[in-house]
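File shown here: protein01.pdb, holding PDB, C-alpha atoms and all ligand atoms.
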ATOM      1  CA  MET A   1     -36.072  55.394 -25.347
ATOM      2  CA  SER A   2     -34.884  56.689 -28.682
ATOM      3  CA  LYS A   3     -32.187  59.382 -28.483
ATOM      4  CA  ARG A   4     -30.566  61.959 -30.761
ATOM      5  CA  ILE A   5     -26.896  61.770 -31.689
ATOM      6  CA  ASP A   6     -24.959  64.906 -32.574
ATOM      7  CA  VAL A   7     -21.591  64.319 -34.179
ATOM      8  CA  ARG A   8     -19.327  67.366 -34.210
ATOM      9  CA  ASN A   9     -16.106  67.636 -36.258
ATOM     10  CA  LEU A  10     -15.288  63.977 -35.726
ATOM     11  CA  ASN A  11     -11.991  62.654 -37.105
ATOM     12  CA  VAL A  12     -11.172  58.953 -36.858
ATOM     13  CA  TYR A  13      -7.604  57.633 -36.900
ATOM     14  CA  TYR A  14      -6.010  54.201 -37.081
ATOM     15  CA  GLY A  15      -2.625  55.094 -35.579
ATOM     16  CA  ASP A  16      -1.384  57.971 -37.760
ATOM     17  CA  PHE A  17      -3.780  57.214 -40.596
ATOM     18  CA  LEU A  18      -6.737  59.585 -40.804
ATOM     19  CA  ALA A  19      -9.509  57.261 -42.010
ATOM     20  CA  VAL A  20     -12.504  59.604 -41.680
ATOM     21  CA  GLU A  21     -12.284  63.388 -41.655
ATOM     22  CA  ASP A  22     -14.395  66.048 -40.038
ATOM     23  CA  VAL A  23     -17.859  64.544 -39.864
ATOM     24  CA  THR A  24     -20.625  66.719 -38.493
ATOM     25  CA  MET A  25     -24.166  65.363 -38.541
ATOM     26  CA  THR A  26     -27.260  65.066 -36.395
ATOM     27  CA  ILE A  27     -28.951  61.682 -36.255
ATOM     28  CA  GLU A  28     -32.597  62.038 -35.312
ATOM     29  CA  PRO A  29     -34.384  59.876 -32.750
ATOM     30  CA  CYS A  30     -37.138  57.512 -33.932
ATOM     31  CA  SER A  31     -35.709  57.455 -37.430
ATOM     32  CA  VAL A  32     -33.549  55.331 -39.679
ATOM     33  CA  THR A  33     -30.349  56.904 -40.987
ATOM     34  CA  ALA A  34     -28.502  55.089 -43.781
ATOM     35  CA  LEU A  35     -24.793  55.509 -44.484
ATOM     36  CA  ILE A  36     -23.792  54.745 -48.074
ATOM     37  CA  GLY A  37     -20.661  55.170 -50.189
ATOM     38  CA  PRO A  38     -17.984  53.222 -52.063
ATOM     39  CA  SER A  39     -15.797  50.592 -50.417
ATOM     40  CA  GLY A  40     -13.162  52.013 -48.073
ATOM     41  CA  CYS A  41     -14.785  55.425 -47.572
ATOM     42  CA  GLY A  42     -15.079  54.828 -43.828
ATOM     43  CA  LYS A  43     -18.756  54.012 -43.284
ATOM     44  CA  SER A  44     -18.088  51.108 -40.906
ATOM     45  CA  THR A  45     -15.263  52.973 -39.187
ATOM     46  CA  PHE A  46     -17.549  55.928 -38.567
ATOM     47  CA  LEU A  47     -20.425  53.697 -37.411
ATOM     48  CA  ARG A  48     -18.205  51.981 -34.845
ATOM     49  CA  THR A  49     -17.176  55.321 -33.339
ATOM     50  CA  LEU A  50     -20.820  55.997 -32.437
ATOM     51  CA  ASN A  51     -20.655  53.390 -29.665
ATOM     52  CA  ARG A  52     -16.878  53.458 -29.149
ATOM     53  CA  MET A  53     -16.572  49.977 -30.633
ATOM     54  CA  HIS A  54     -13.526  51.151 -32.653
ATOM     55  CA  GLU A  55     -11.608  51.266 -29.362
ATOM     56  CA  VAL A  56     -11.236  47.488 -29.445
ATOM     57  CA  ILE A  57      -8.780  48.036 -32.352
ATOM     58  CA  PRO A  58      -5.358  49.028 -30.971
ATOM     59  CA  GLY A  59      -4.389  52.547 -32.077
ATOM     60  CA  ALA A  60      -7.895  53.524 -33.195
ATOM     61  CA  ARG A  61      -8.953  56.894 -31.789
ATOM     62  CA  VAL A  62     -11.092  59.933 -32.495
ATOM     63  CA  THR A  63     -10.938  63.673 -32.106
ATOM     64  CA  GLY A  64     -14.059  65.819 -31.992
ATOM     65  CA  ALA A  65     -17.264  64.938 -30.228
ATOM     66  CA  ALA A  66     -20.291  62.684 -30.390
ATOM     67  CA  LEU A  67     -23.159  63.616 -28.102
ATOM     68  CA  MET A  68     -26.191  61.544 -27.207
ATOM     69  CA  ASP A  69     -29.013  63.810 -26.073
ATOM     70  CA  GLY A  70     -26.311  66.325 -25.191
ATOM     71  CA  GLN A  71     -24.047  63.964 -23.250
ATOM     72  CA  ASN A  72     -20.561  63.612 -24.771
ATOM     73  CA  LEU A  73     -19.935  59.896 -25.371
ATOM     74  CA  TYR A  74     -16.223  60.703 -25.214
ATOM     75  CA  GLY A  75     -16.393  62.839 -22.093
ATOM     76  CA  PRO A  76     -14.031  62.238 -19.168
ATOM     77  CA  GLY A  77     -15.169  59.380 -16.981
ATOM     78  CA  VAL A  78     -17.617  57.979 -19.545
ATOM     79  CA  ASP A  79     -17.411  54.175 -19.506
ATOM     80  CA  PRO A  80     -17.301  52.703 -23.048
ATOM     81  CA  VAL A  81     -19.047  49.557 -21.771
ATOM     82  CA  GLN A  82     -21.960  51.695 -20.605
ATOM     83  CA  VAL A  83     -21.978  53.500 -23.986
ATOM     84  CA  ARG A  84     -22.261  50.124 -25.739
ATOM     85  CA  ARG A  85     -25.154  49.162 -23.496
ATOM     86  CA  GLN A  86     -27.034  52.289 -24.563
ATOM     87  CA  ILE A  87     -25.977  52.013 -28.208
ATOM     88  CA  GLY A  88     -26.241  48.420 -29.411
ATOM     89  CA  MET A  89     -24.776  46.931 -32.547
ATOM     90  CA  VAL A  90     -25.722  44.281 -35.094
ATOM     91  CA  PHE A  91     -22.995  42.994 -37.404
ATOM     92  CA  GLN A  92     -22.729  41.869 -40.998
ATOM     93  CA  ARG A  93     -22.654  38.153 -40.220
ATOM     94  CA  PRO A  94     -25.180  36.854 -37.727
ATOM     95  CA  ASN A  95     -23.130  35.961 -34.654
ATOM     96  CA  PRO A  96     -25.323  34.179 -32.109
ATOM     97  CA  PHE A  97     -23.469  32.040 -29.573
ATOM     98  CA  PRO A  98     -23.832  28.759 -31.486
ATOM     99  CA  THR A  99     -24.170  26.273 -28.646
ATOM    100  CA  MET A 100     -26.165  28.540 -26.348
ATOM    101  CA  SER A 101     -29.945  28.112 -26.478
ATOM    102  CA  ILE A 102     -32.132  30.601 -28.329
ATOM    103  CA  ALA A 103     -33.469  31.945 -25.018
ATOM    104  CA  ASP A 104     -29.994  32.270 -23.486
ATOM    105  CA  ASN A 105     -28.767  34.058 -26.601
ATOM    106  CA  VAL A 106     -31.463  36.692 -26.098
ATOM    107  CA  LEU A 107     -30.398  37.124 -22.470
ATOM    108  CA  ALA A 108     -26.638  37.054 -23.127
ATOM    109  CA  GLY A 109     -26.158  40.843 -23.287
ATOM    110  CA  VAL A 110     -28.291  41.431 -20.210
ATOM    111  CA  LYS A 111     -26.276  38.866 -18.233
ATOM    112  CA  LEU A 112     -22.998  40.397 -19.424
ATOM    113  CA  ASN A 113     -24.204  43.611 -17.839
ATOM    114  CA  ASN A 114     -24.379  41.678 -14.564
ATOM    115  CA  ARG A 115     -28.100  41.946 -14.243
ATOM    116  CA  ARG A 116     -29.669  39.115 -12.297
ATOM    117  CA  LEU A 117     -33.047  38.085 -13.582
ATOM    118  CA  GLY A 118     -35.728  35.965 -11.936
ATOM    119  CA  ARG A 119     -37.243  33.116 -13.933
ATOM    120  CA  GLU A 120     -40.438  34.960 -14.808
ATOM    121  CA  GLU A 121     -38.617  38.175 -15.649
ATOM    122  CA  SER A 122     -36.269  36.205 -17.932
ATOM    123  CA  GLN A 123     -39.161  34.527 -19.718
ATOM    124  CA  ASP A 124     -40.931  37.867 -20.197
ATOM    125  CA  LEU A 125     -37.810  39.519 -21.536
ATOM    126  CA  VAL A 126     -37.111  36.635 -23.927
ATOM    127  CA  GLU A 127     -40.652  36.787 -25.276
ATOM    128  CA  ARG A 128     -40.743  40.578 -25.551
ATOM    129  CA  SER A 129     -37.360  40.758 -27.288
ATOM    130  CA  LEU A 130     -38.185  37.943 -29.718
ATOM    131  CA  ARG A 131     -41.549  39.546 -30.491
ATOM    132  CA  GLY A 132     -39.743  42.845 -31.005
ATOM    133  CA  ALA A 133     -37.439  41.124 -33.483
ATOM    134  CA  ASN A 134     -40.362  39.426 -35.324
ATOM    135  CA  LEU A 135     -39.017  35.997 -34.409
ATOM    136  CA  TRP A 136     -41.258  34.831 -31.568
ATOM    137  CA  ASN A 137     -43.793  32.889 -33.638
ATOM    138  CA  GLU A 138     -41.048  30.966 -35.416
ATOM    139  CA  VAL A 139     -39.141  29.907 -32.289
ATOM    140  CA  LYS A 140     -41.568  29.931 -29.358
ATOM    141  CA  ASP A 141     -41.749  26.126 -29.305
ATOM    142  CA  ARG A 142     -37.997  25.567 -29.377
ATOM    143  CA  LEU A 143     -36.459  28.187 -27.126
ATOM    144  CA  ASP A 144     -34.046  25.645 -25.658
ATOM    145  CA  ARG A 145     -32.592  24.646 -29.040
ATOM    146  CA  PRO A 146     -29.155  26.052 -29.904
ATOM    147  CA  GLY A 147     -28.815  29.379 -31.707
ATOM    148  CA  SER A 148     -27.079  27.567 -34.541
ATOM    149  CA  SER A 149     -30.262  25.571 -35.299
ATOM    150  CA  LEU A 150     -31.810  28.658 -36.920
ATOM    151  CA  SER A 151     -31.526  29.830 -40.530
ATOM    152  CA  GLY A 152     -29.210  32.756 -41.316
ATOM    153  CA  GLY A 153     -32.095  35.236 -41.438
ATOM    154  CA  GLN A 154     -33.509  33.910 -38.173
ATOM    155  CA  GLN A 155     -30.047  34.099 -36.578
ATOM    156  CA  GLN A 156     -29.794  37.761 -37.592
ATOM    157  CA  ARG A 157     -33.198  38.458 -36.027
ATOM    158  CA  LEU A 158     -31.980  36.594 -32.926
ATOM    159  CA  CYS A 159     -28.990  38.964 -32.812
ATOM    160  CA  ILE A 160     -31.389  41.901 -33.097
ATOM    161  CA  ALA A 161     -33.449  40.416 -30.224
ATOM    162  CA  ARG A 162     -30.227  40.130 -28.183
ATOM    163  CA  ALA A 163     -29.387  43.765 -28.991
ATOM    164  CA  ILE A 164     -32.807  45.112 -27.979
ATOM    165  CA  ALA A 165     -33.067  42.944 -24.836
ATOM    166  CA  VAL A 166     -30.700  45.339 -23.040
ATOM    167  CA  LYS A 167     -33.100  48.196 -23.884
ATOM    168  CA  PRO A 168     -30.694  50.399 -25.809
ATOM    169  CA  ASP A 169     -31.531  53.893 -27.052
ATOM    170  CA  VAL A 170     -29.798  53.479 -30.394
ATOM    171  CA  VAL A 171     -29.144  50.418 -32.589
ATOM    172  CA  LEU A 172     -26.266  50.474 -35.084
ATOM    173  CA  MET A 173     -26.357  47.965 -37.957
ATOM    174  CA  ASP A 174     -23.346  47.272 -40.135
ATOM    175  CA  GLU A 175     -24.616  45.758 -43.385
ATOM    176  CA  PRO A 176     -27.058  43.529 -41.484
ATOM    177  CA  CYS A 177     -28.445  41.867 -44.632
ATOM    178  CA  SER A 178     -25.310  41.316 -46.682
ATOM    179  CA  ALA A 179     -25.073  37.626 -45.724
ATOM    180  CA  LEU A 180     -28.805  36.975 -46.188
ATOM    181  CA  ASP A 181     -31.072  35.788 -48.994
ATOM    182  CA  PRO A 182     -33.666  38.214 -50.461
ATOM    183  CA  ILE A 183     -36.586  36.941 -48.363
ATOM    184  CA  SER A 184     -34.658  37.177 -45.085
ATOM    185  CA  THR A 185     -33.452  40.606 -46.210
ATOM    186  CA  LEU A 186     -37.039  41.803 -46.630
ATOM    187  CA  ALA A 187     -37.911  40.415 -43.176
ATOM    188  CA  ILE A 188     -35.049  42.426 -41.635
ATOM    189  CA  GLU A 189     -36.036  45.544 -43.581
ATOM    190  CA  ASP A 190     -39.637  45.247 -42.302
ATOM    191  CA  LEU A 191     -38.236  44.852 -38.822
ATOM    192  CA  ILE A 192     -35.987  47.919 -39.153
ATOM    193  CA  TYR A 193     -39.035  49.900 -40.214
ATOM    194  CA  GLU A 194     -40.883  48.811 -37.055
ATOM    195  CA  LEU A 195     -37.913  49.273 -34.728
ATOM    196  CA  LYS A 196     -37.644  52.959 -35.526
ATOM    197  CA  ASN A 197     -40.777  53.549 -33.450
ATOM    198  CA  ASP A 198     -38.695  52.767 -30.373
ATOM    199  CA  TYR A 199     -35.054  53.281 -31.316
ATOM    200  CA  THR A 200     -32.717  55.494 -33.271
ATOM    201  CA  ILE A 201     -31.372  53.274 -36.042
ATOM    202  CA  VAL A 202     -28.186  53.836 -38.046
ATOM    203  CA  ILE A 203     -27.489  51.361 -40.838
ATOM    204  CA  VAL A 204     -24.489  50.967 -43.131
ATOM    205  CA  THR A 205     -25.505  49.414 -46.416
ATOM    206  CA  HIS A 206     -23.991  48.745 -49.811
ATOM    207  CA  ASN A 207     -27.438  48.284 -51.209
ATOM    208  CA  MET A 208     -28.837  51.588 -52.400
ATOM    209  CA  GLN A 209     -32.345  50.190 -52.910
ATOM    210  CA  GLN A 210     -32.227  49.123 -49.298
ATOM    211  CA  ALA A 211     -31.192  52.596 -48.151
ATOM    212  CA  ALA A 212     -34.029  54.052 -50.251
ATOM    213  CA  ARG A 213     -36.542  51.549 -48.823
ATOM    214  CA  VAL A 214     -35.766  51.744 -45.128
ATOM    215  CA  SER A 215     -34.207  55.092 -44.282
ATOM    216  CA  ASP A 216     -35.498  58.562 -43.556
ATOM    217  CA  LYS A 217     -32.140  60.273 -43.990
ATOM    218  CA  THR A 218     -29.066  59.192 -45.907
ATOM    219  CA  GLY A 219     -25.433  60.189 -45.519
ATOM    220  CA  PHE A 220     -23.197  59.725 -48.551
ATOM    221  CA  PHE A 221     -19.489  59.218 -47.773
ATOM    222  CA  ASN A 222     -16.752  59.342 -50.386
ATOM    223  CA  ILE A 223     -12.993  59.096 -50.623
ATOM    224  CA  ALA A 224     -10.751  61.109 -52.960
ATOM    225  CA  GLY A 225      -8.278  58.230 -53.464
ATOM    226  CA  THR A 226      -6.304  55.492 -51.734
ATOM    227  CA  GLY A 227      -4.733  56.708 -48.507
ATOM    228  CA  LYS A 228      -7.029  59.729 -48.379
ATOM    229  CA  PRO A 229      -9.621  60.113 -45.619
ATOM    230  CA  GLY A 230     -13.291  59.388 -46.141
ATOM    231  CA  LYS A 231     -15.610  62.371 -45.878
ATOM    232  CA  LEU A 232     -19.311  62.920 -45.450
ATOM    233  CA  ILE A 233     -20.186  64.533 -48.781
ATOM    234  CA  GLU A 234     -23.905  64.994 -48.401
ATOM    235  CA  TYR A 235     -26.467  64.285 -45.720
ATOM    236  CA  ALA A 236     -30.147  64.876 -46.390
ATOM    237  CA  ALA A 237     -33.597  63.328 -46.560
ATOM    238  CA  THR A 238     -33.347  59.986 -48.363
ATOM    239  CA  ASP A 239     -35.802  61.111 -51.086
ATOM    240  CA  LYS A 240     -33.608  64.085 -51.830
ATOM    241  CA  ILE A 241     -30.368  62.087 -51.917
ATOM    242  CA  PHE A 242     -31.850  59.649 -54.429
ATOM    243  CA  SER A 243     -33.928  61.985 -56.559
ATOM    244  CA  ASN A 244     -32.332  65.415 -56.375
ATOM    245  CA  PRO A 245     -28.946  65.406 -54.615
ATOM    246  CA  ALA A 246     -27.166  68.724 -54.153
ATOM    247  CA  ASN A 247     -23.670  67.376 -54.760
ATOM    248  CA  GLU A 248     -22.375  66.068 -58.065
ATOM    249  CA  GLN A 249     -20.433  63.212 -56.418
ATOM    250  CA  THR A 250     -23.635  62.032 -54.752
ATOM    251  CA  GLU A 251     -25.475  62.209 -58.050
ATOM    252  CA  ARG A 252     -22.801  60.151 -59.790
ATOM    253  CA  TYR A 253     -22.819  57.539 -57.035
ATOM    254  CA  VAL A 254     -26.582  57.097 -56.658
ATOM    255  CA  SER A 255     -27.027  56.932 -60.426
ATOM    256  CA  GLY A 256     -24.474  54.113 -60.569
ATOM    257  CA  LYS A 257     -21.783  56.025 -62.447
ATOM    258  CA  PHE A 258     -19.110  54.955 -59.967
ATOM    259  CA  GLY A 259     -18.597  52.879 -56.856
TER     260      GLY A 259
HETATM  261  N1  LIG B 301      -8.729  47.775 -38.196
HETATM  262  C1  LIG B 301      -8.218  48.650 -39.075
HETATM  263  N2  LIG B 301      -6.908  49.034 -39.002
HETATM  264  C2  LIG B 301      -6.390  49.920 -39.869
HETATM  265  N3  LIG B 301      -7.084  50.487 -40.885
HETATM  266  C3  LIG B 301      -8.381  50.150 -41.019
HETATM  267  C4  LIG B 301      -9.017  49.215 -40.128
HETATM  268  N4  LIG B 301     -10.302  49.078 -40.515
HETATM  269  C5  LIG B 301     -10.469  49.877 -41.585
HETATM  270  N5  LIG B 301      -9.320  50.530 -41.894
HETATM  271  C6  LIG B 301      -9.105  51.489 -42.987
HETATM  272  O1  LIG B 301     -10.005  52.583 -42.826
HETATM  273  C7  LIG B 301     -10.537  52.977 -44.081
HETATM  274  C8  LIG B 301     -12.055  52.890 -44.016
HETATM  275  O2  LIG B 301     -12.439  51.505 -43.900
HETATM  276  P1  LIG B 301     -13.940  51.064 -43.593
HETATM  277  O3  LIG B 301     -13.948  49.582 -43.458
HETATM  278  O4  LIG B 301     -14.478  51.867 -42.477
HETATM  279  O5  LIG B 301     -14.678  51.502 -44.928
HETATM  280  P2  LIG B 301     -16.116  51.111 -45.458
HETATM  281  O6  LIG B 301     -16.637  52.307 -46.177
HETATM  282  O7  LIG B 301     -16.950  50.572 -44.362
HETATM  283  O8  LIG B 301     -15.749  49.984 -46.499
HETATM  284  P3  LIG B 301     -16.566  48.701 -46.996
HETATM  285  O9  LIG B 301     -17.795  49.257 -47.660
HETATM  286  O10 LIG B 301     -15.645  48.048 -47.961
HETATM  287  O11 LIG B 301     -16.883  47.868 -45.787
HETATM  288  C9  LIG B 301      -9.898  52.066 -45.125
HETATM  289  O12 LIG B 301      -8.781  52.743 -45.668
HETATM  290  C10 LIG B 301      -9.482  50.866 -44.324
HETATM  291  O13 LIG B 301      -8.343  50.237 -44.918
END

Translate the structure of the given file into structure tokens.
Amino acid sequence: MSKRIDVRNLNVYYGDFLAVEDVTMTIEPCSVTALIGPSGCGKSTFLRTLNRMHEVIPGARVTGAALMDGQNLYGPGVDPVQVRRQIGMVFQRPNPFPTMSIADNVLAGVKLNNRRLGREESQDLVERSLRGANLWNEVKDRLDRPGSSLSGGQQQRLCIARAIAVKPDVVLMDEPCSALDPISTLAIEDLIYELKNDYTIVIVTHNMQQAARVSDKTGFFNIAGTGKPGKLIEYAATDKIFSNPANEQTERYVSGKFG
């Protein structure tokens, strides 16, 4: 089930370094939200805080709050592993387990969560997840082949199938197409468009055309200079950000004058 995320006055630190300052935004369910901005402005850092993935980096921490349907993801007693089950992530480079079969790759996240599945249930889940990731027709006759036997674009869709197999509420994507050719990129963009019917999607992208094509809302982050924190400069409907932004920095960035 797709859920809303409310970020309130979130600061993100690496040790003493304030990497992202004071972000407040509401990410709507059943929608695609794109995060854009120049290199180093903190898009990926911010994205990772939404499922507490930044905590795998020693010294990384946040202040402020991020709520999912009202529940503070940083509240006392909240298990980050459980947060990551509800809020899945797809990375820049497709990272299937290379020697594991296609079917086992789909089930890998579910098994990590210690769920035992019967044979029929496993087969159903593999098929449903691969259909959900628009990959079923291409792989249905070779489910026992290794994940590494697929093309890069297929591997990325396999990773999306793995992410949705655990039935998350939100899927975070960190530049999911940057390692892919244009045709595979379009396949992933079509998929993102379909996935928003069932999930809240947040995508970091360097590609402004991609943000314009796939997202409903766009957040523009910027940085005042090296060593300064990244900030959310403007957050609005994607049409508005690209055609009539309120902030001059946004206008300069989306019109290609810097970045
Ligand atoms: N693991 C880390 N340890 C310390 N500092 C980090 C770490 N990861 C990122 N940073 C710093 O945090 C700031 C934001 O980096 P981040 O990668 O989030 O930016 P970004 O907007 O996603 O950049 P890009 O578009 O180049 O991927 C940068 O100053 C970066 O050097």

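If you apply the PyMOL selection byres (((chain A and resi 136) around 12) and not hetatm) to this structure, you end up with Ile102, Ala103, Val106, Asp124, Leu125, Val126, Glu127, Arg128, Ser129, Leu130, Arg131, Gly132, Ala133, Asn134, Leu135, Asn137, Glu138, Val139, Lys140, Asp141, Arg142, Leu143, Gln154, Arg157, Leu158 and Ala161 of chain A.
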
Writer output for current selection, C-alpha atoms, as a PDB file, in the frame of the given file:
ATOM      1  CA  ILE A 102     -32.132  30.601 -28.329  1.00  0.00           C
ATOM      2  CA  ALA A 103     -33.469  31.945 -25.018  1.00  0.00           C
ATOM      3  CA  VAL A 106     -31.463  36.692 -26.098  1.00  0.00           C
ATOM      4  CA  ASP A 124     -40.931  37.867 -20.197  1.00  0.00           C
ATOM      5  CA  LEU A 125     -37.810  39.519 -21.536  1.00  0.00           C
ATOM      6  CA  VAL A 126     -37.111  36.635 -23.927  1.00  0.00           C
ATOM      7  CA  GLU A 127     -40.652  36.787 -25.276  1.00  0.00           C
ATOM      8  CA  ARG A 128     -40.743  40.578 -25.551  1.00  0.00           C
ATOM      9  CA  SER A 129     -37.360  40.758 -27.288  1.00  0.00           C
ATOM     10  CA  LEU A 130     -38.185  37.943 -29.718  1.00  0.00           C
ATOM     11  CA  ARG A 131     -41.549  39.546 -30.491  1.00  0.00           C
ATOM     12  CA  GLY A 132     -39.743  42.845 -31.005  1.00  0.00           C
ATOM     13  CA  ALA A 133     -37.439  41.124 -33.483  1.00  0.00           C
ATOM     14  CA  ASN A 134     -40.362  39.426 -35.324  1.00  0.00           C
ATOM     15  CA  LEU A 135     -39.017  35.997 -34.409  1.00  0.00           C
ATOM     16  CA  ASN A 137     -43.793  32.889 -33.638  1.00  0.00           C
ATOM     17  CA  GLU A 138     -41.048  30.966 -35.416  1.00  0.00           C
ATOM     18  CA  VAL A 139     -39.141  29.907 -32.289  1.00  0.00           C
ATOM     19  CA  LYS A 140     -41.568  29.931 -29.358  1.00  0.00           C
ATOM     20  CA  ASP A 141     -41.749  26.126 -29.305  1.00  0.00           C
ATOM     21  CA  ARG A 142     -37.997  25.567 -29.377  1.00  0.00           C
ATOM     22  CA  LEU A 143     -36.459  28.187 -27.126  1.00  0.00           C
ATOM     23  CA  GLN A 154     -33.509  33.910 -38.173  1.00  0.00           C
ATOM     24  CA  ARG A 157     -33.198  38.458 -36.027  1.00  0.00           C
ATOM     25  CA  LEU A 158     -31.980  36.594 -32.926  1.00  0.00           C
ATOM     26  CA  ALA A 161     -33.449  40.416 -30.224  1.00  0.00           C
TER      27      ALA A 161
END

(Q) Report as a list in words all protein, DNA and RNA residues lying within 10 Å of His54 (chain A), evaluated on only C-alpha atoms, omitting residues in the same chain fewer than 4 positions from it. (A)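 Listed by chain and then number, they are Val12, Tyr13, Tyr14, Ser44, Thr45, Phe46, Leu47, Arg48, Thr49, Leu50, Pro58, Gly59, Ala60, Arg61 and Val62 of chain A.
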
Q: Enumerate, as an MDAnalysis selection string, the residues matched when the PyMOL selection byres (((not hetatm)) within 6 of (chain B and resi 301)) is run on the file above.
A: chainID A and resid 14 19 38:45 57

Put those residues in a file: C-alpha atoms, as a compact mmCIF listing (two decimals), in the coordinates of the input.
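Done, and the output landed in selection_37.txt:
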# COMPACT_ATOMS: atom_id res chain seq x y z
CA TYR A 14 -6.01 54.20 -37.08
CA ALA A 19 -9.51 57.26 -42.01
CA PRO A 38 -17.98 53.22 -52.06
CA SER A 39 -15.80 50.59 -50.42
CA GLY A 40 -13.16 52.01 -48.07
CA CYS A 41 -14.78 55.42 -47.57
CA GLY A 42 -15.08 54.83 -43.83
CA LYS A 43 -18.76 54.01 -43.28
CA SER A 44 -18.09 51.11 -40.91
CA THR A 45 -15.26 52.97 -39.19
CA ILE A 57 -8.78 48.04 -32.35

Residue contacts of Gly70 (chain A) (12 Å, all atoms listed in the file) excluding same-chain residues fewer than 4 positions away, as a short mmCIF file (atom, residue, chain, number, x, y, z; two decimals) with C-alpha atoms, in the coordinates of the input:
data_model
loop_
_atom_site.label_atom_id
_atom_site.label_comp_id
_atom_site.auth_asym_id
_atom_site.auth_seq_id
_atom_site.Cartn_x
_atom_site.Cartn_y
_atom_site.Cartn_z
CA LYS A 3 -32.19 59.38 -28.48
CA ARG A 4 -30.57 61.96 -30.76
CA ILE A 5 -26.90 61.77 -31.69
CA ASP A 6 -24.96 64.91 -32.57
CA VAL A 7 -21.59 64.32 -34.18
CA ARG A 8 -19.33 67.37 -34.21
CA THR A 26 -27.26 65.07 -36.40
CA ALA A 65 -17.26 64.94 -30.23
CA ALA A 66 -20.29 62.68 -30.39
CA TYR A 74 -16.22 60.70 -25.21
CA GLY A 75 -16.39 62.84 -22.09
#

(Q) Since I can't run it myself right now, could you work out what the PyMOL selection byres (((chain A and resi 200) around 8) and not hetatm) selects here and report it as a VMD selection string? (A) chain A and resid 2 to 4 27 to 32 169 to 171 196 198 to 199 201 to 202

Q) Between CA of Lys217 (chain A) and CA of Thr33 (chain A), what is the distance, to one decimal in Å? A)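 Rounded to one decimal, the two atoms are 4.9 Å apart.
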
**Q.** Residue nearest Pro168 (chain A) among A:Gly256, A:Gly109, A:Gly37, A:Pro245 (counting only C-alpha atoms)
**A.**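 So, comparing all the options, the nearest one is A:Gly109.
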
**Q.** Counting all atoms listed in the file, the residue of A:Thr238, A:Gln92, A:Gln123, A:Asn207 that sits nearest Gln155 (chain A)
**A.**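 Answer, going by the shortest atom-to-atom distance: A:Gln92.
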
Output, as JSON, the centre and edge lengths in Å (one decimal) of the axis-aligned box that contains all listed atoms of region 243-247 of chain A with 3 Å of margin on each side.
{"center_x": -28.8, "center_y": 65.4, "center_z": -55.4, "size_x": 16.3, "size_y": 12.7, "size_z": 8.4}

Q: Excluding Arg252 (chain A) and any residue of its chain fewer than 2 positions from it, enumerate the residues within 12 Å of it, using only C-alpha atoms, and give them as a ChimeraX atom specification.
A: /A:37-38,220,222,241-250,254-259

(Q) Measuring between all atoms listed in the file, which one of A:Asn95, A:Ser122, A:Ser148, A:Asn72 shows the shortest distance to Ile160 (chain A)? (A)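 That would be A:Asn95, the residue with the smallest distance to Ile160 (chain A).
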